[in-house]
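Next up, model_36.cif (mmCIF, C-alpha atoms):
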data_model
loop_
_atom_site.label_atom_id
_atom_site.label_comp_id
_atom_site.auth_asym_id
_atom_site.auth_seq_id
_atom_site.Cartn_x
_atom_site.Cartn_y
_atom_site.Cartn_z
CA MET A 16 107.54 83.41 92.96
CA ASP A 17 108.19 86.09 90.42
CA TYR A 18 107.84 89.86 90.45
CA ASP A 19 104.55 89.80 88.55
CA LEU A 20 102.96 87.60 91.19
CA TYR A 21 104.11 89.92 93.99
CA LEU A 22 102.63 92.87 92.13
CA VAL A 23 99.27 91.14 91.65
CA ILE A 24 99.12 89.95 95.26
CA GLY A 25 99.87 93.47 96.48
CA LEU A 26 97.18 94.97 94.27
CA VAL A 27 94.56 92.42 95.34
CA ILE A 28 95.34 92.97 99.02
CA ALA A 29 95.09 96.73 98.52
CA VAL A 30 91.71 96.42 96.83
CA PHE A 31 90.37 94.39 99.76
CA ALA A 32 91.84 96.77 102.35
CA VAL A 33 90.23 99.93 101.00
CA PRO A 34 86.66 99.02 102.16
CA ALA A 35 88.06 98.22 105.61
CA VAL A 36 89.61 101.68 105.81
CA VAL A 37 86.39 103.35 104.67
CA SER A 38 84.33 101.30 107.14
CA ALA A 39 86.60 102.16 110.04
CA LEU A 40 86.54 105.85 109.20
CA ALA A 41 82.75 105.82 108.83
CA ASP A 42 82.40 104.27 112.31
CA ASN A 43 84.82 106.82 113.82
CA ARG A 44 87.36 104.09 114.58
CA THR A 45 91.06 104.14 113.89
CA PRO A 46 91.82 101.91 110.89
CA ARG A 47 94.86 100.24 112.46
CA ALA A 48 94.61 96.79 110.91
CA ALA A 49 93.55 98.16 107.54
CA ALA A 50 96.45 100.60 107.58
CA VAL A 51 98.90 97.77 108.29
CA VAL A 52 97.43 95.75 105.43
CA LEU A 53 97.70 98.75 103.10
CA MET A 54 101.35 99.18 104.08
CA ILE A 55 102.04 95.51 103.40
CA SER A 56 100.36 95.70 100.01
CA GLY A 57 102.21 98.91 99.18
CA GLY A 58 105.44 97.22 100.16
CA LEU A 59 104.72 94.28 97.87
CA VAL A 60 103.91 96.56 94.95
CA ALA A 61 106.97 98.72 95.57
CA TRP A 62 109.24 95.72 95.95
CA ALA A 63 107.96 94.18 92.73
CA ALA A 64 108.37 97.44 90.82
CA ALA A 65 111.87 98.05 92.20
CA SER A 66 113.08 94.49 91.73
CA LYS A 67 111.99 93.99 88.15
CA PRO A 68 114.85 95.16 85.93
CA THR A 69 112.61 97.01 83.47
CA GLY A 70 110.02 98.13 86.01
CA TYR A 71 106.31 98.52 85.33
CA THR A 72 104.24 101.14 83.57
CA LEU A 73 100.53 101.75 84.13
CA ASP A 74 99.81 100.33 80.68
CA GLN A 75 101.41 97.00 81.60
CA ILE A 76 99.48 96.36 84.81
CA PRO A 77 96.28 94.91 83.24
CA ASP A 78 98.36 92.60 81.06
CA VAL A 79 100.41 91.48 84.06
CA ILE A 80 97.27 90.69 86.04
CA ILE A 81 95.79 88.67 83.18
CA THR A 82 98.99 86.70 82.59
CA VAL A 83 99.40 85.87 86.29
CA VAL A 84 95.78 84.73 86.58
CA ALA A 85 96.09 82.68 83.39
CA ARG A 86 99.37 81.15 84.53
CA TYR A 87 98.01 79.92 87.87
CA LEU A 88 94.48 79.02 86.81
CA GLY A 89 95.18 77.60 83.40
#

What is this structure when it is put down as structure tokens?
Amino acid sequence: MDYDLYLVIGLVIAVFAVPAVVSALADNRTPRAAAVVLMISGGLVAWAAASKPTGYTLDQIPDVIITVVARYLG
């Protein structure tokens, strides 16, 4: 697995965890599981950004997502 894939996996997990956090807060529950998932996704994103020699900029993220999806679906 490469750094780009870790970044994309972390971003996808974070996107799916945000509704869980909002739902837990709306029901006056503690978002324990959602918080753990957000920490895992943040760790993946941080690890990918720190491990890649050139790092990532915000402009590169859409291109990285498209290339990872194209690489594994095409």

**Test item: residues at most 10 Å from A:Arg47, only C-alpha atoms, excluding those fewer than 6 positions along its chain, as a PyMOL selection string** = chain A and resi 35-36+39+53

**Message:** Going by the chain IDs and residue numbers used in this file, which residues fall under the PyMOL selection byres ((chain A and resi 33) around 12)? Write them as a PyMOL selection string.
**Reply:** chain A and resi 26-32+34-40+46+48-54+56

**Message:** Is it possible to get the residues within 8 Å of (101.7, 92.3, 95.0) (coordinates as in the file, counting only C-alpha atoms) written as a PyMOL selection string?
**Reply:** chain A and resi 19-28+56-57+59-60+63

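With atom CA of A:Thr69 on one side and atom CA of A:Asp17 on the other, the separation reads 13.7 Å.
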
**Request:** Work out how far atom CA of A:Tyr18 is from atom CA of A:Lys67, in Å to one decimal.
**Result:**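 Atom-to-atom, atom CA of A:Lys67 and atom CA of A:Tyr18 are spaced 6.3 Å apart.
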
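Atom pair atom CA of A:Ala61 / atom CA of A:Ala41: separated by 28.5 Å.
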